[in-house]
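Asker: Right, I'll just put the structure down here and ask away after.
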Amino acid sequence: MSRISTARGVWLPVAAWAVTRAVVLLCVLRVLVLPGPDVTTDVSVIYQSWFDVLKTGTFPLADVTWQYPPAAALAILSPGLLPFLDYAPAFFALILLTDAVVLALFLRAGRRPGHRPAGAWVWIAGVALLGPTAYARYDLMVTAVAVAALFAAVRRPRVAGALIAFGALLKIWPALLLTGAAGRGRRARALWWSAAGTAAGLTLFFVAAAPGAPAFLTFQRDRGTEIESLGALAFHFARHFGWQGQVLLNYGSLEFLGPGVPVAGTVALTLSLAAVGWLFLWRVRARELGPATLCEAAFTATLLFTTTSRVISPQYMLWLVGLAAVCVTVRACRQTLPAVLVLLATGVTLLEFPVRFADVVASDPKGIALLVVRNGLLVAASLLACRRLWMSTRDGGRADGPGDGAGVVGARKPADGMAGAAPRLTGAAARPRTPAPPAPR
């Protein structure tokens, strides 16, 4: 019976994944066409033009839409591994393969002690809810690296550190996975040194390999307030009261330009700095880092920086879906409700882009309503995640059930009942307990 239940536990999510991904593939291949703009033009036009430039041995220095760290070149060049396919179909095929690898990671992790298979279902649902955008950007590749890093952190901290560094050089945000990595133990040091060494080595490699590796820093700095961001809501409402600004394609995305927009950018930056301050305060005040702290802190930090960003592109939801799925996989984690809110926000994102994107661009009440709901869900998820992270490290990280974590670096106390499964990652190894002498009779 156990084998039958195990087989069902594997084949049911695999079947659900296959069905949902078939629909997504039909969408990106334009067999099924959703209302709204064609989301695949980023691949067929922008990515392919970058591919042609990168093949010449230089980064796209003349294109301000190149706003990514140097390792992103590997993702853009990867369709060259399938020369028998045109660029776009080859890219979609590699994303499908990456998606399958991520599912395998969740299914494998779900069978470990202290884990559960629910994370695989979050991943299956989250990617499906985002629709074709999930396969028409390289963010799924980045999320795969982040998920692998979190699952590797306990047993292979050096591998986890290298993966975090590589992910950060793909798209910056995986550096937030280090938010909950702390302590002076051997494993914590191994993770930090591995991350720092890999980042330095890869950066030097890309700088030496091709000119223009740091150009993305300038292009990213000059971005404005994108129309889907939290701060953009003020201008969507203001347009109905005579605001004189406009929506223009700027630095590769549709942004608001006009009076007050620089102030909104400053407010967004201030909120992001406030998020940094809160995370620092949390880390200083944390009493006990539990077995789920690394994934909880990574999820919370990424939520905060996504929500307060000047840009909330639809593909950003993939980052949150991946980290939410890791949190749900770990029984000791308390982020289930924020994870559910992220899934809801992801479904609303599909309606906002591409289905009703024309309403968003025009600041139509329907478009504004979708943005209010989506961004409101992100704000609620962020606040809940912060509260639960704070509480989990005030009482030793105990949750409703035992667990050994998804890779906790810096854990001072494993969850109840799992002392052998969640190794201490700070300080010296735990001393064996000496039986107390019998009481005198």
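Chain identifiers are assigned as A, B, and so on, following the order in which chains appear in the structure tokens; residues are numbered from 1 within each chain, and ligands are numbered from 1 in order of appearance.
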Could you give me, as JSON lines, every region 146-177 of chain A residue with an atom at most 8 Å from region 56-75 of chain A, plus its closest atom pair and distance in Å to one decimal, counting only C-alpha atoms, rows ordered by chain then number?

Answerer:
{"residue": "A:Phe166", "atom": "CA", "partner": "A:Ala71", "partner_atom": "CA", "distance": 7.4}
{"residue": "A:Ala168", "atom": "CA", "partner": "A:Pro69", "partner_atom": "CA", "distance": 7.8}
{"residue": "A:Leu169", "atom": "CA", "partner": "A:Ala71", "partner_atom": "CA", "distance": 5.1}
{"residue": "A:Leu170", "atom": "CA", "partner": "A:Ala72", "partner_atom": "CA", "distance": 4.6}
{"residue": "A:Lys171", "atom": "CA", "partner": "A:Pro69", "partner_atom": "CA", "distance": 5.9}
{"residue": "A:Ile172", "atom": "CA", "partner": "A:Pro69", "partner_atom": "CA", "distance": 7.0}

Asker: Take the selection from the previous step and output its residues with N, CA and C atoms, as a CSV table (one decimal), in the first residue's frame.

Answerer:
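See selection09.csv below for the written result:
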chain,number,residue,atom,x,y,z
A,166,PHE,N,25.4,32.7,-8.2
A,166,PHE,CA,25.1,32.5,-9.6
A,166,PHE,C,23.7,33.1,-9.9
A,168,ALA,N,22.2,35.5,-8.2
A,168,ALA,CA,22.3,37.0,-8.1
A,168,ALA,C,22.9,37.6,-9.3
A,169,LEU,N,23.8,36.9,-10.0
A,169,LEU,CA,24.4,37.4,-11.2
A,169,LEU,C,23.5,37.1,-12.4
A,170,LEU,N,22.4,36.3,-12.2
A,170,LEU,CA,21.4,36.2,-13.2
A,170,LEU,C,20.4,37.3,-13.1
A,171,LYS,N,20.0,37.7,-11.9
A,171,LYS,CA,18.9,38.7,-11.7
A,171,LYS,C,18.9,39.3,-10.3
A,172,ILE,N,20.0,39.5,-9.7
A,172,ILE,CA,20.1,40.3,-8.4
A,172,ILE,C,19.3,39.7,-7.3

Asker: Skip Val267 (chain A) itself and residues of its chain fewer than 3 positions away, then list as JSON, numbers by chain all residues within 12 Å of it, counting only C-alpha atoms.

Answerer: {"A": [224, 225, 230, 231, 232, 234, 260, 261, 262, 263, 264, 270, 271, 272, 273, 274, 308, 309, 310]}

Asker: Please save N, CA, C and O atoms of the selected residues as a PDB file, in the first residue's frame.

Answerer:
ATOM      1  N   GLY A 224      12.004  54.419 -14.204  1.00  0.00           N
ATOM      2  CA  GLY A 224      11.039  55.255 -13.512  1.00  0.00           C
ATOM      3  C   GLY A 224       9.962  54.421 -12.829  1.00  0.00           C
ATOM      4  O   GLY A 224      10.199  53.286 -12.422  1.00  0.00           O
ATOM      5  N   THR A 225       8.759  55.001 -12.720  1.00  0.00           N
ATOM      6  CA  THR A 225       7.638  54.336 -12.055  1.00  0.00           C
ATOM      7  C   THR A 225       6.806  53.596 -13.093  1.00  0.00           C
ATOM      8  O   THR A 225       6.094  54.209 -13.898  1.00  0.00           O
ATOM      9  N   LEU A 230       3.097  49.632  -7.197  1.00  0.00           N
ATOM     10  CA  LEU A 230       2.258  50.154  -6.121  1.00  0.00           C
ATOM     11  C   LEU A 230       2.164  51.679  -6.198  1.00  0.00           C
ATOM     12  O   LEU A 230       1.083  52.266  -6.066  1.00  0.00           O
ATOM     13  N   GLY A 231       3.310  52.332  -6.423  1.00  0.00           N
ATOM     14  CA  GLY A 231       3.318  53.789  -6.501  1.00  0.00           C
ATOM     15  C   GLY A 231       2.555  54.331  -7.692  1.00  0.00           C
ATOM     16  O   GLY A 231       2.075  55.477  -7.670  1.00  0.00           O
ATOM     17  N   ALA A 232       2.403  53.523  -8.744  1.00  0.00           N
ATOM     18  CA  ALA A 232       1.700  53.987  -9.942  1.00  0.00           C
ATOM     19  C   ALA A 232       0.212  54.179  -9.700  1.00  0.00           C
ATOM     20  O   ALA A 232      -0.450  54.915 -10.450  1.00  0.00           O
ATOM     21  N   ALA A 234      -1.270  55.920  -7.570  1.00  0.00           N
ATOM     22  CA  ALA A 234      -1.575  57.336  -7.342  1.00  0.00           C
ATOM     23  C   ALA A 234      -1.802  58.063  -8.664  1.00  0.00           C
ATOM     24  O   ALA A 234      -2.714  58.905  -8.780  1.00  0.00           O
ATOM     25  N   GLY A 260       5.332  64.934 -10.417  1.00  0.00           N
ATOM     26  CA  GLY A 260       5.195  64.074  -9.253  1.00  0.00           C
ATOM     27  C   GLY A 260       5.809  62.704  -9.377  1.00  0.00           C
ATOM     28  O   GLY A 260       5.965  61.997  -8.369  1.00  0.00           O
ATOM     29  N   VAL A 261       6.168  62.294 -10.591  1.00  0.00           N
ATOM     30  CA  VAL A 261       6.717  60.941 -10.767  1.00  0.00           C
ATOM     31  C   VAL A 261       8.058  60.775 -10.046  1.00  0.00           C
ATOM     32  O   VAL A 261       8.283  59.746  -9.397  1.00  0.00           O
ATOM     33  N   PRO A 262       8.977  61.748 -10.115  1.00  0.00           N
ATOM     34  CA  PRO A 262      10.220  61.591  -9.343  1.00  0.00           C
ATOM     35  C   PRO A 262       9.972  61.443  -7.844  1.00  0.00           C
ATOM     36  O   PRO A 262      10.682  60.708  -7.156  1.00  0.00           O
ATOM     37  N   VAL A 263       8.956  62.129  -7.334  1.00  0.00           N
ATOM     38  CA  VAL A 263       8.629  62.003  -5.908  1.00  0.00           C
ATOM     39  C   VAL A 263       8.182  60.580  -5.601  1.00  0.00           C
ATOM     40  O   VAL A 263       8.566  59.999  -4.580  1.00  0.00           O
ATOM     41  N   ALA A 264       7.364  60.010  -6.488  1.00  0.00           N
ATOM     42  CA  ALA A 264       6.910  58.629  -6.291  1.00  0.00           C
ATOM     43  C   ALA A 264       8.094  57.671  -6.289  1.00  0.00           C
ATOM     44  O   ALA A 264       8.130  56.711  -5.501  1.00  0.00           O
ATOM     45  N   THR A 270      12.465  54.962  -0.571  1.00  0.00           N
ATOM     46  CA  THR A 270      12.407  55.100   0.886  1.00  0.00           C
ATOM     47  C   THR A 270      11.760  53.879   1.526  1.00  0.00           C
ATOM     48  O   THR A 270      12.218  53.381   2.561  1.00  0.00           O
ATOM     49  N   LEU A 271      10.692  53.375   0.910  1.00  0.00           N
ATOM     50  CA  LEU A 271      10.032  52.179   1.431  1.00  0.00           C
ATOM     51  C   LEU A 271      10.955  50.962   1.355  1.00  0.00           C
ATOM     52  O   LEU A 271      10.975  50.125   2.272  1.00  0.00           O
ATOM     53  N   SER A 272      11.726  50.868   0.276  1.00  0.00           N
ATOM     54  CA  SER A 272      12.677  49.760   0.168  1.00  0.00           C
ATOM     55  C   SER A 272      13.755  49.856   1.249  1.00  0.00           C
ATOM     56  O   SER A 272      14.149  48.840   1.841  1.00  0.00           O
ATOM     57  N   LEU A 273      14.225  51.086   1.516  1.00  0.00           N
ATOM     58  CA  LEU A 273      15.206  51.269   2.587  1.00  0.00           C
ATOM     59  C   LEU A 273      14.590  50.958   3.949  1.00  0.00           C
ATOM     60  O   LEU A 273      15.257  50.406   4.834  1.00  0.00           O
ATOM     61  N   ALA A 274      13.313  51.302   4.116  1.00  0.00           N
ATOM     62  CA  ALA A 274      12.617  50.951   5.360  1.00  0.00           C
ATOM     63  C   ALA A 274      12.532  49.442   5.512  1.00  0.00           C
ATOM     64  O   ALA A 274      12.642  48.910   6.629  1.00  0.00           O
ATOM     65  N   THR A 308       7.592  46.998  -2.786  1.00  0.00           N
ATOM     66  CA  THR A 308       8.000  48.399  -2.712  1.00  0.00           C
ATOM     67  C   THR A 308       8.768  48.867  -3.941  1.00  0.00           C
ATOM     68  O   THR A 308       9.154  50.034  -4.021  1.00  0.00           O
ATOM     69  N   SER A 309       8.955  47.996  -4.907  1.00  0.00           N
ATOM     70  CA  SER A 309       9.741  48.340  -6.095  1.00  0.00           C
ATOM     71  C   SER A 309       9.027  49.357  -6.976  1.00  0.00           C
ATOM     72  O   SER A 309       7.792  49.450  -6.986  1.00  0.00           O
ATOM     73  N   ARG A 310       9.805  50.101  -7.731  1.00  0.00           N
ATOM     74  CA  ARG A 310       9.224  51.006  -8.732  1.00  0.00           C
ATOM     75  C   ARG A 310       8.644  50.237  -9.905  1.00  0.00           C
ATOM     76  O   ARG A 310       7.908  50.792 -10.722  1.00  0.00           O
TER      77      ARG A 310
END

Asker: Restrict the calculation to only C-alpha atoms, then for each residue of region 78-166 of chain A with any atom at most 12 Å from an atom of region 23-37 of chain A give the closest atom pair and their distance in Å to one decimal, rows by chain and rising residue number, as CSV.

Answerer:
residue,atom,partner,partner_atom,distance
A:Ala88,CA,A:Leu29,CA,8.9
A:Pro89,CA,A:Leu29,CA,7.7
A:Ala90,CA,A:Leu29,CA,11.3
A:Phe91,CA,A:Val28,CA,10.7
A:Phe92,CA,A:Leu25,CA,7.6
A:Ala93,CA,A:Leu25,CA,8.9
A:Leu94,CA,A:Leu25,CA,11.7
A:Ile95,CA,A:Leu25,CA,10.1
A:Leu96,CA,A:Leu25,CA,8.4
A:Leu97,CA,A:Leu25,CA,12.0
A:Asp99,CA,A:Val24,CA,11.7
A:Ile124,CA,A:Val24,CA,11.6
A:Ala125,CA,A:Val24,CA,11.9
A:Val127,CA,A:Val24,CA,8.9
A:Ala128,CA,A:Val24,CA,7.0
A:Leu129,CA,A:Val24,CA,9.7
A:Leu130,CA,A:Val24,CA,9.3
A:Gly131,CA,A:Val24,CA,5.9
A:Pro132,CA,A:Val24,CA,5.3
A:Thr133,CA,A:Val28,CA,8.1
A:Ala134,CA,A:Val24,CA,8.3
A:Tyr135,CA,A:Val28,CA,7.2
A:Ala136,CA,A:Val28,CA,7.0
A:Arg137,CA,A:Val28,CA,10.8

Asker: Keeping only C-alpha atoms, write those residues as an mmCIF file, in the first residue's frame.

Answerer:
data_model
loop_
_atom_site.group_PDB
_atom_site.id
_atom_site.type_symbol
_atom_site.label_atom_id
_atom_site.label_comp_id
_atom_site.auth_asym_id
_atom_site.auth_seq_id
_atom_site.Cartn_x
_atom_site.Cartn_y
_atom_site.Cartn_z
ATOM 1 C CA ALA A 88 11.750 31.253 -29.599
ATOM 2 C CA PRO A 89 10.718 27.558 -29.699
ATOM 3 C CA ALA A 90 14.150 26.603 -28.363
ATOM 4 C CA PHE A 91 13.761 29.070 -25.501
ATOM 5 C CA PHE A 92 10.312 27.721 -24.619
ATOM 6 C CA ALA A 93 11.624 24.153 -24.704
ATOM 7 C CA LEU A 94 14.416 25.012 -22.260
ATOM 8 C CA ILE A 95 11.974 26.778 -19.943
ATOM 9 C CA LEU A 96 9.761 23.671 -20.023
ATOM 10 C CA LEU A 97 12.750 21.516 -19.112
ATOM 11 C CA ASP A 99 10.114 23.835 -15.030
ATOM 12 C CA ILE A 124 2.157 23.763 -10.329
ATOM 13 C CA ALA A 125 -0.654 26.197 -9.562
ATOM 14 C CA VAL A 127 3.107 28.929 -12.847
ATOM 15 C CA ALA A 128 -0.233 27.977 -14.392
ATOM 16 C CA LEU A 129 -1.950 31.014 -12.839
ATOM 17 C CA LEU A 130 0.630 33.372 -14.325
ATOM 18 C CA GLY A 131 -0.060 31.898 -17.753
ATOM 19 C CA PRO A 132 2.143 32.370 -20.834
ATOM 20 C CA THR A 133 4.235 35.106 -19.222
ATOM 21 C CA ALA A 134 5.865 32.405 -17.067
ATOM 22 C CA TYR A 135 7.374 30.811 -20.184
ATOM 23 C CA ALA A 136 8.042 34.025 -22.083
ATOM 24 C CA ARG A 137 10.677 35.399 -19.672
#

Asker: If we count only C-alpha atoms, what is near Gly242 (chain A) at a cut-off of 12 Å, once residues fewer than 6 positions away on the same chain are taken out, given as a PyMOL selection string?

Answerer: chain A and resi 235-236+259

Asker: Counting only C-alpha atoms, which residue out of A:Ala297, A:Ser313, A:Ala195, A:Val122 sits closest to Ala339 (chain A)?

Answerer: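 Among the listed residues, A:Val122 lies closest to Ala339 (chain A).
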
Asker: Excluding region 372-384 of chain A and any residue of its chain fewer than 4 positions from it, enumerate the residues within 9 Å of it, using only C-alpha atoms, and give them as a ChimeraX atom specification.

Answerer: /A:228-230,233,300-301,303-304,306-308,335,337-342,344-349,352,367-368,388-389

Asker: Can you write out the residues you just picked, keeping N, CA, C and O atoms, as a tab-separated table (two decimals), in the first residue's frame?

Answerer:
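See result.tsv below for the written result:
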chain	number	residue	atom	x	y	z
A	228	GLU	N	2.43	49.30	-13.40
A	228	GLU	CA	1.84	48.23	-12.60
A	228	GLU	C	2.30	48.25	-11.15
A	228	GLU	O	1.89	47.41	-10.35
A	229	SER	N	3.16	49.19	-10.81
A	229	SER	CA	3.73	49.22	-9.47
A	229	SER	C	2.75	49.79	-8.46
A	229	SER	O	1.73	50.39	-8.81
A	230	LEU	N	3.10	49.63	-7.20
A	230	LEU	CA	2.26	50.15	-6.12
A	230	LEU	C	2.16	51.68	-6.20
A	230	LEU	O	1.08	52.27	-6.07
A	233	LEU	N	-0.32	53.55	-8.66
A	233	LEU	CA	-1.75	53.69	-8.40
A	233	LEU	C	-2.15	55.14	-8.20
A	233	LEU	O	-3.24	55.57	-8.60
A	300	THR	N	10.11	36.50	2.81
A	300	THR	CA	9.68	37.80	3.34
A	300	THR	C	10.46	38.94	2.70
A	300	THR	O	9.88	39.96	2.29
A	301	ALA	N	11.78	38.80	2.61
A	301	ALA	CA	12.59	39.87	2.03
A	301	ALA	C	12.23	40.10	0.57
A	301	ALA	O	12.12	41.25	0.12
A	303	LEU	N	9.39	39.42	-0.89
A	303	LEU	CA	8.06	40.06	-0.91
A	303	LEU	C	8.17	41.56	-0.67
A	303	LEU	O	7.56	42.37	-1.39
A	304	LEU	N	8.94	41.94	0.34
A	304	LEU	CA	9.08	43.36	0.68
A	304	LEU	C	9.66	44.16	-0.48
A	304	LEU	O	9.16	45.23	-0.83
A	306	THR	N	9.83	43.32	-3.69
A	306	THR	CA	8.94	43.31	-4.85
A	306	THR	C	7.81	44.31	-4.69
A	306	THR	O	7.51	45.09	-5.60
A	307	THR	N	7.19	44.31	-3.53
A	307	THR	CA	6.04	45.18	-3.29
A	307	THR	C	6.41	46.65	-3.30
A	307	THR	O	5.64	47.50	-3.78
A	308	THR	N	7.59	47.00	-2.79
A	308	THR	CA	8.00	48.40	-2.71
A	308	THR	C	8.77	48.87	-3.94
A	308	THR	O	9.15	50.03	-4.02
A	335	GLN	N	4.48	30.36	6.85
A	335	GLN	CA	4.12	31.31	5.79
A	335	GLN	C	3.04	30.79	4.85
A	335	GLN	O	2.93	31.27	3.72
A	337	LEU	N	-0.34	31.17	4.86
A	337	LEU	CA	-1.32	32.18	4.45
A	337	LEU	C	-0.72	33.22	3.50
A	337	LEU	O	-1.33	33.53	2.47
A	338	PRO	N	0.47	33.78	3.78
A	338	PRO	CA	1.07	34.67	2.78
A	338	PRO	C	1.30	33.97	1.44
A	338	PRO	O	1.15	34.60	0.39
A	339	ALA	N	1.62	32.68	1.46
A	339	ALA	CA	1.80	31.94	0.21
A	339	ALA	C	0.50	31.86	-0.57
A	339	ALA	O	0.48	32.01	-1.80
A	340	VAL	N	-0.61	31.64	0.13
A	340	VAL	CA	-1.92	31.61	-0.53
A	340	VAL	C	-2.24	32.98	-1.14
A	340	VAL	O	-2.75	33.07	-2.27
A	341	LEU	N	-1.94	34.05	-0.41
A	341	LEU	CA	-2.17	35.40	-0.94
A	341	LEU	C	-1.33	35.65	-2.19
A	341	LEU	O	-1.79	36.31	-3.14
A	342	VAL	N	-0.11	35.12	-2.21
A	342	VAL	CA	0.73	35.26	-3.40
A	342	VAL	C	0.11	34.53	-4.58
A	342	VAL	O	0.12	35.03	-5.72
A	344	LEU	N	-3.08	33.98	-5.06
A	344	LEU	CA	-4.21	34.80	-5.50
A	344	LEU	C	-3.73	36.00	-6.31
A	344	LEU	O	-4.32	36.34	-7.35
A	345	ALA	N	-2.68	36.65	-5.84
A	345	ALA	CA	-2.12	37.80	-6.57
A	345	ALA	C	-1.61	37.39	-7.95
A	345	ALA	O	-1.70	38.16	-8.91
A	346	THR	N	-1.08	36.18	-8.04
A	346	THR	CA	-0.58	35.69	-9.33
A	346	THR	C	-1.72	35.50	-10.32
A	346	THR	O	-1.61	35.85	-11.50
A	347	GLY	N	-2.84	34.96	-9.84
A	347	GLY	CA	-4.00	34.81	-10.70
A	347	GLY	C	-4.55	36.15	-11.17
A	347	GLY	O	-4.93	36.31	-12.34
A	348	VAL	N	-4.57	37.13	-10.28
A	348	VAL	CA	-5.04	38.47	-10.67
A	348	VAL	C	-4.06	39.10	-11.67
A	348	VAL	O	-4.47	39.83	-12.58
A	349	THR	N	-2.78	38.78	-11.52
A	349	THR	CA	-1.78	39.32	-12.45
A	349	THR	C	-2.05	38.87	-13.88
A	349	THR	O	-1.87	39.64	-14.83
A	352	GLU	N	-4.63	41.09	-15.16
A	352	GLU	CA	-4.08	42.44	-15.39
A	352	GLU	C	-3.15	42.47	-16.60
A	352	GLU	O	-3.14	43.45	-17.35
A	367	GLY	N	-9.10	48.33	-15.05
A	367	GLY	CA	-7.67	48.12	-14.90
A	367	GLY	C	-7.18	48.55	-13.54
A	367	GLY	O	-6.36	47.87	-12.91
A	368	ILE	N	-7.67	49.70	-13.06
A	368	ILE	CA	-7.28	50.18	-11.74
A	368	ILE	C	-7.72	49.19	-10.66
A	368	ILE	O	-6.96	48.90	-9.72
A	388	ARG	N	4.83	36.99	10.84
A	388	ARG	CA	5.08	35.58	11.13
A	388	ARG	C	6.57	35.27	11.24
A	388	ARG	O	6.97	34.43	12.04
A	389	LEU	N	7.38	35.94	10.44
A	389	LEU	CA	8.83	35.76	10.57
A	389	LEU	C	9.30	36.26	11.93
A	389	LEU	O	10.11	35.60	12.61

Asker: Neighbours of Trp173 (chain A) within 10 Å (only C-alpha atoms; same-chain residues fewer than 4 positions away dropped), as a list of chain:residue names?

Answerer: A:Val142, A:Thr143, A:Ala146, A:Ile164, A:Gly167, A:Ala168, A:Leu169, A:Leu177, A:Ala298, A:Ala301, A:Thr302, A:Phe305, A:Thr306, A:Tyr316, A:Trp319

Asker: Dump all heavy atoms for the selected residues as an mmCIF file, in the first residue's frame?

Answerer:
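And here's out-v6.cif as it stands now:
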data_model
loop_
_atom_site.group_PDB
_atom_site.id
_atom_site.type_symbol
_atom_site.label_atom_id
_atom_site.label_comp_id
_atom_site.auth_asym_id
_atom_site.auth_seq_id
_atom_site.Cartn_x
_atom_site.Cartn_y
_atom_site.Cartn_z
ATOM 1 N N VAL A 142 15.834 31.628 -13.224
ATOM 2 C CA VAL A 142 16.406 32.224 -12.009
ATOM 3 C C VAL A 142 15.750 31.626 -10.769
ATOM 4 O O VAL A 142 16.418 31.292 -9.780
ATOM 5 C CB VAL A 142 16.229 33.756 -12.021
ATOM 6 C CG1 VAL A 142 16.940 34.382 -10.833
ATOM 7 C CG2 VAL A 142 16.746 34.350 -13.325
ATOM 8 N N THR A 143 14.434 31.487 -10.810
ATOM 9 C CA THR A 143 13.708 30.905 -9.679
ATOM 10 C C THR A 143 14.149 29.477 -9.425
ATOM 11 O O THR A 143 14.246 29.042 -8.273
ATOM 12 C CB THR A 143 12.194 30.966 -9.945
ATOM 13 O OG1 THR A 143 11.819 32.317 -10.236
ATOM 14 C CG2 THR A 143 11.411 30.474 -8.749
ATOM 15 N N ALA A 146 17.221 29.570 -7.365
ATOM 16 C CA ALA A 146 16.927 29.953 -5.984
ATOM 17 C C ALA A 146 16.330 28.785 -5.207
ATOM 18 O O ALA A 146 16.698 28.541 -4.047
ATOM 19 C CB ALA A 146 15.976 31.149 -5.967
ATOM 20 N N ILE A 164 23.420 30.635 -4.914
ATOM 21 C CA ILE A 164 22.909 31.975 -4.595
ATOM 22 C C ILE A 164 23.694 33.040 -5.353
ATOM 23 O O ILE A 164 23.118 33.982 -5.917
ATOM 24 C CB ILE A 164 22.978 32.222 -3.075
ATOM 25 C CG1 ILE A 164 21.948 31.347 -2.350
ATOM 26 C CG2 ILE A 164 22.735 33.697 -2.751
ATOM 27 C CD1 ILE A 164 22.065 31.380 -0.843
ATOM 28 N N GLY A 167 22.730 32.866 -8.975
ATOM 29 C CA GLY A 167 21.403 33.452 -9.156
ATOM 30 C C GLY A 167 21.421 34.965 -9.091
ATOM 31 O O GLY A 167 20.741 35.640 -9.865
ATOM 32 N N ALA A 168 22.222 35.511 -8.175
ATOM 33 C CA ALA A 168 22.318 36.969 -8.053
ATOM 34 C C ALA A 168 22.924 37.591 -9.308
ATOM 35 O O ALA A 168 22.571 38.715 -9.692
ATOM 36 C CB ALA A 168 23.151 37.348 -6.833
ATOM 37 N N LEU A 169 23.819 36.871 -9.962
ATOM 38 C CA LEU A 169 24.406 37.370 -11.205
ATOM 39 C C LEU A 169 23.505 37.113 -12.404
ATOM 40 O O LEU A 169 23.791 37.582 -13.505
ATOM 41 C CB LEU A 169 25.777 36.745 -11.427
ATOM 42 C CG LEU A 169 26.876 37.286 -10.509
ATOM 43 C CD1 LEU A 169 28.168 36.499 -10.677
ATOM 44 C CD2 LEU A 169 27.128 38.768 -10.767
ATOM 45 N N LEU A 177 18.320 35.655 -0.590
ATOM 46 C CA LEU A 177 18.284 34.356 0.089
ATOM 47 C C LEU A 177 19.245 34.312 1.267
ATOM 48 O O LEU A 177 19.117 33.461 2.151
ATOM 49 C CB LEU A 177 18.615 33.228 -0.890
ATOM 50 C CG LEU A 177 17.432 32.611 -1.668
ATOM 51 C CD1 LEU A 177 16.723 33.654 -2.532
ATOM 52 C CD2 LEU A 177 17.892 31.455 -2.529
ATOM 53 N N ALA A 298 13.950 34.562 3.314
ATOM 54 C CA ALA A 298 14.102 34.811 1.877
ATOM 55 C C ALA A 298 12.777 35.216 1.252
ATOM 56 O O ALA A 298 12.702 36.166 0.459
ATOM 57 C CB ALA A 298 14.653 33.565 1.191
ATOM 58 N N ALA A 301 11.776 38.798 2.611
ATOM 59 C CA ALA A 301 12.593 39.866 2.031
ATOM 60 C C ALA A 301 12.231 40.099 0.566
ATOM 61 O O ALA A 301 12.118 41.250 0.117
ATOM 62 C CB ALA A 301 14.076 39.510 2.160
ATOM 63 N N THR A 302 12.040 39.029 -0.186
ATOM 64 C CA THR A 302 11.695 39.178 -1.598
ATOM 65 C C THR A 302 10.318 39.797 -1.762
ATOM 66 O O THR A 302 10.091 40.620 -2.659
ATOM 67 C CB THR A 302 11.759 37.813 -2.308
ATOM 68 O OG1 THR A 302 13.035 37.213 -2.072
ATOM 69 C CG2 THR A 302 11.567 37.966 -3.809
ATOM 70 N N PHE A 305 10.725 43.637 -1.090
ATOM 71 C CA PHE A 305 11.383 44.394 -2.150
ATOM 72 C C PHE A 305 10.580 44.374 -3.447
ATOM 73 O O PHE A 305 10.641 45.327 -4.227
ATOM 74 C CB PHE A 305 12.800 43.875 -2.366
ATOM 75 C CG PHE A 305 13.755 44.349 -1.315
ATOM 76 C CD1 PHE A 305 14.115 43.522 -0.266
ATOM 77 C CD2 PHE A 305 14.272 45.628 -1.348
ATOM 78 C CE1 PHE A 305 14.985 43.954 0.724
ATOM 79 C CE2 PHE A 305 15.144 46.075 -0.364
ATOM 80 C CZ PHE A 305 15.498 45.238 0.676
ATOM 81 N N THR A 306 9.825 43.322 -3.689
ATOM 82 C CA THR A 306 8.945 43.307 -4.855
ATOM 83 C C THR A 306 7.809 44.308 -4.692
ATOM 84 O O THR A 306 7.506 45.087 -5.600
ATOM 85 C CB THR A 306 8.370 41.896 -5.069
ATOM 86 O OG1 THR A 306 9.437 40.969 -5.267
ATOM 87 C CG2 THR A 306 7.446 41.862 -6.278
ATOM 88 N N TYR A 316 7.719 38.932 -12.094
ATOM 89 C CA TYR A 316 8.241 38.956 -10.724
ATOM 90 C C TYR A 316 7.469 37.998 -9.818
ATOM 91 O O TYR A 316 7.991 37.532 -8.805
ATOM 92 C CB TYR A 316 8.146 40.364 -10.135
ATOM 93 C CG TYR A 316 9.077 41.394 -10.736
ATOM 94 C CD1 TYR A 316 9.803 41.124 -11.894
ATOM 95 C CD2 TYR A 316 9.213 42.651 -10.161
ATOM 96 C CE1 TYR A 316 10.632 42.077 -12.454
ATOM 97 C CE2 TYR A 316 10.048 43.616 -10.712
ATOM 98 C CZ TYR A 316 10.747 43.331 -11.862
ATOM 99 O OH TYR A 316 11.570 44.283 -12.406
ATOM 100 N N TRP A 319 9.120 34.687 -8.851
ATOM 101 C CA TRP A 319 10.051 34.640 -7.727
ATOM 102 C C TRP A 319 9.296 34.275 -6.450
ATOM 103 O O TRP A 319 9.733 33.407 -5.686
ATOM 104 C CB TRP A 319 10.724 35.990 -7.515
ATOM 105 C CG TRP A 319 11.221 36.713 -8.718
ATOM 106 C CD1 TRP A 319 11.386 36.220 -9.988
ATOM 107 C CD2 TRP A 319 11.628 38.085 -8.778
ATOM 108 N NE1 TRP A 319 11.852 37.204 -10.818
ATOM 109 C CE2 TRP A 319 12.013 38.350 -10.105
ATOM 110 C CE3 TRP A 319 11.694 39.104 -7.836
ATOM 111 C CZ2 TRP A 319 12.469 39.604 -10.510
ATOM 112 C CZ3 TRP A 319 12.156 40.356 -8.232
ATOM 113 C CH2 TRP A 319 12.542 40.602 -9.565
#

Asker: Would you please work out which residue, of A:Trp390, A:Phe205, A:Trp123, A:Phe241, is nearest to Leu323 (chain A) when using only C-alpha atoms?

Answerer: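 Using only C-alpha atoms, Leu323 (chain A) sits closest to A:Trp123.
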
Asker: Could you tell me which of A:Phe299, A:Val145, A:Val53, A:Ala208 comes closest to Val102 (chain A) if we count only C-alpha atoms?

Answerer: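 Closest to Val102 (chain A), using only C-alpha atoms: A:Val145.
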
Asker: Could you check how far CA of Pro117 (chain A) sits from CA of Leu289 (chain A), in Å to one decimal?

Answerer: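 Between CA of Pro117 (chain A) and CA of Leu289 (chain A) the gap is 23.7 Å.
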